[in-house]
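Okay, so here's the structure we're looking at.
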Amino acid sequence: MPLLPGEILNKRYRIANLLGEGPYGAVYWAWDLTDQQDVAIKEYLDPSLDIQRRFRAEANKLSGLKHPQLPLVHDHFYLEDTGQYLITSYIHGVNTQSLLEQYGSLPSDLIVEWLQAVCIPLAYIHDKNRLHLNIKPVNIRITPEGQVYLVDSGLPGLGVSPGASGFSAPEQQTQGNVNVTSDIYSLGATLYALLTGIVPPDALHRESGLQDLIPAREVNPDIEPYLSVVANRAMDLRTDVRFESAAEFSSALARPIGRLPVQSDQPRRTTSDVLSAAPPRLPAKRRRQIEQRTIIALAAVLVLAIGILVGVGLASQTPQALEGQIASTATLRSQIVAALTAITTVTPTPISTATPIPTPAPIIDEKTSARMIYMPGGV
């Protein structure tokens, strides 16, 4: 039976609230009457001598973990005929499971920020040759100051815990060989749950074919495609397909290269902006004209041709014929110059003028001498 609120544990810790309960014990929020501070108590209900020895060894290892995003270990003890107790600092704030229950699926930008923050203490744990083996939304806590903590580490030295259904890797549930990628699987399952609002199917059910993992984007179409891919890879049933480290998982959560986050201070174009914009103006059509250098080149070619013809003609004709040829050549040259002048001269197109409409003559009324003008029918 779990400890009740107000109950004093080990003559020092007053139970305030039950935080969670599992097959091996429970986790409590309590008040340390000696140090006057909030603490978390992890209970392990097994009084056997072997478990006592292994529990002390695990508690000593946990007490060696010093990281600003991990709770500190303050104490551990054994109660006869009851079990083992581990005392750690209590982290005030809210866990992501509570946020998920309150708001449903959460914005991806927040989820990425939280999980990237969680990867920092997890990488520290792995560097110390330790595993967490209990990563799930309820164990990610966010303080009022915005600090992200990873709490409630597992105790691998007591025997591998099967973990929470849907969040633990298949090798962890079958008490097999667990490693860093087992925690990566739990990270992927946590990402999936925060994106979709539902717990992913149990790993053993997937392995046996009883259930399939529906991609997160099919559950929630608003999810960015790359996040759905990250979750699927992290939750792969094969350990060699998953991300190799927490750092690699964190990098995969970053936005793809070339895609910048939306800036809220940048104005967005709306339909009214597009309709009110001035229509595109077509460039004014210009009358095609022959460039000056083209005219010069044509004239040079013509003069050269005339020179060649004259030279050939002079070489083959008599002096009498030469005089006639020179005269005809001069005439031809004048005609060519006149033609080129006509080409280069641009005659402006006269502006058409409106045809004047004659004013009708007035009609004089013989009786009244009034002047009237007849107006034809029309608009």
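Residues in the structure tokens are numbered from 1 in each chain, the chains being A, B, ... in the order shown, and ligands are numbered from 1 in the order shown.
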
Tell me, counting only C-alpha atoms, for each residue of range 61-168 of chain A within 12 Å of range 197-212 of chain A, which pair of atoms is nearest and how far apart they are in Å to one decimal, in rows ordered by chain and increasing number, as JSON lines.
```
{"residue": "A:Thr96", "atom": "CA", "partner": "A:Gly197", "partner_atom": "CA", "distance": 11.0}
{"residue": "A:Gln97", "atom": "CA", "partner": "A:Gly197", "partner_atom": "CA", "distance": 9.5}
{"residue": "A:Ser98", "atom": "CA", "partner": "A:Gly197", "partner_atom": "CA", "distance": 11.3}
{"residue": "A:Leu99", "atom": "CA", "partner": "A:Gly197", "partner_atom": "CA", "distance": 10.2}
{"residue": "A:Leu100", "atom": "CA", "partner": "A:Gly197", "partner_atom": "CA", "distance": 6.5}
{"residue": "A:Glu101", "atom": "CA", "partner": "A:Gly197", "partner_atom": "CA", "distance": 8.1}
{"residue": "A:Gln102", "atom": "CA", "partner": "A:Gly197", "partner_atom": "CA", "distance": 10.5}
{"residue": "A:Tyr103", "atom": "CA", "partner": "A:Gly197", "partner_atom": "CA", "distance": 9.1}
{"residue": "A:Gly104", "atom": "CA", "partner": "A:Gly197", "partner_atom": "CA", "distance": 5.6}
{"residue": "A:Ser105", "atom": "CA", "partner": "A:Gly197", "partner_atom": "CA", "distance": 4.6}
{"residue": "A:Leu106", "atom": "CA", "partner": "A:Gly197", "partner_atom": "CA", "distance": 7.8}
{"residue": "A:Pro107", "atom": "CA", "partner": "A:Gly197", "partner_atom": "CA", "distance": 11.1}
{"residue": "A:Ser108", "atom": "CA", "partner": "A:Gly197", "partner_atom": "CA", "distance": 11.9}
{"residue": "A:Ile111", "atom": "CA", "partner": "A:Gly197", "partner_atom": "CA", "distance": 11.9}
{"residue": "A:Lys136", "atom": "CA", "partner": "A:Val199", "partner_atom": "CA", "distance": 10.0}
{"residue": "A:Pro137", "atom": "CA", "partner": "A:Val199", "partner_atom": "CA", "distance": 10.1}
{"residue": "A:Pro162", "atom": "CA", "partner": "A:Ala203", "partner_atom": "CA", "distance": 11.2}
{"residue": "A:Gly163", "atom": "CA", "partner": "A:Asp202", "partner_atom": "CA", "distance": 10.8}
{"residue": "A:Ala164", "atom": "CA", "partner": "A:Asp202", "partner_atom": "CA", "distance": 9.0}
{"residue": "A:Ser165", "atom": "CA", "partner": "A:Asp202", "partner_atom": "CA", "distance": 5.6}
{"residue": "A:Gly166", "atom": "CA", "partner": "A:Asp202", "partner_atom": "CA", "distance": 4.1}
{"residue": "A:Phe167", "atom": "CA", "partner": "A:Pro200", "partner_atom": "CA", "distance": 7.4}
{"residue": "A:Ser168", "atom": "CA", "partner": "A:Ala203", "partner_atom": "CA", "distance": 7.1}
```

Q.
DSSP on the backbone: which residues in range 54-279 of chain A end up as helix (DSSP H, G or I)? Give the answer as a PyMOL selection string.
A. chain A and resi 54-63+96-103+108-127+137-139+156-158+170-173+180-196+203-208+216-219+225-234+246-253+271-276

Q: Might you pull out every residue within 8 Å of range 222-237 of chain A, with only C-alpha atoms counted and same-chain residues fewer than 6 positions away left off, and present them as a PyMOL selection string?
A: chain A and resi 108+169-170+184-189+191-192+195+203+207+215-216+243+249+252-253+256

Q.
Considering only C-alpha atoms, can you say which of A:Leu62, A:Val39, A:Val180, A:Ala16 comes closest to Arg242 in chain A?
A. A:Val180

(Q) Among range 18-209 of chain A, which residues does DSSP mark as strand (DSSP E) when it is run on the backbone? Keep the chain and numbering as in the structure and answer as a ChimeraX atom specification. (A) /A:18-22,25-32,37-44,73-79,83-89,94-95,140-142,148-150
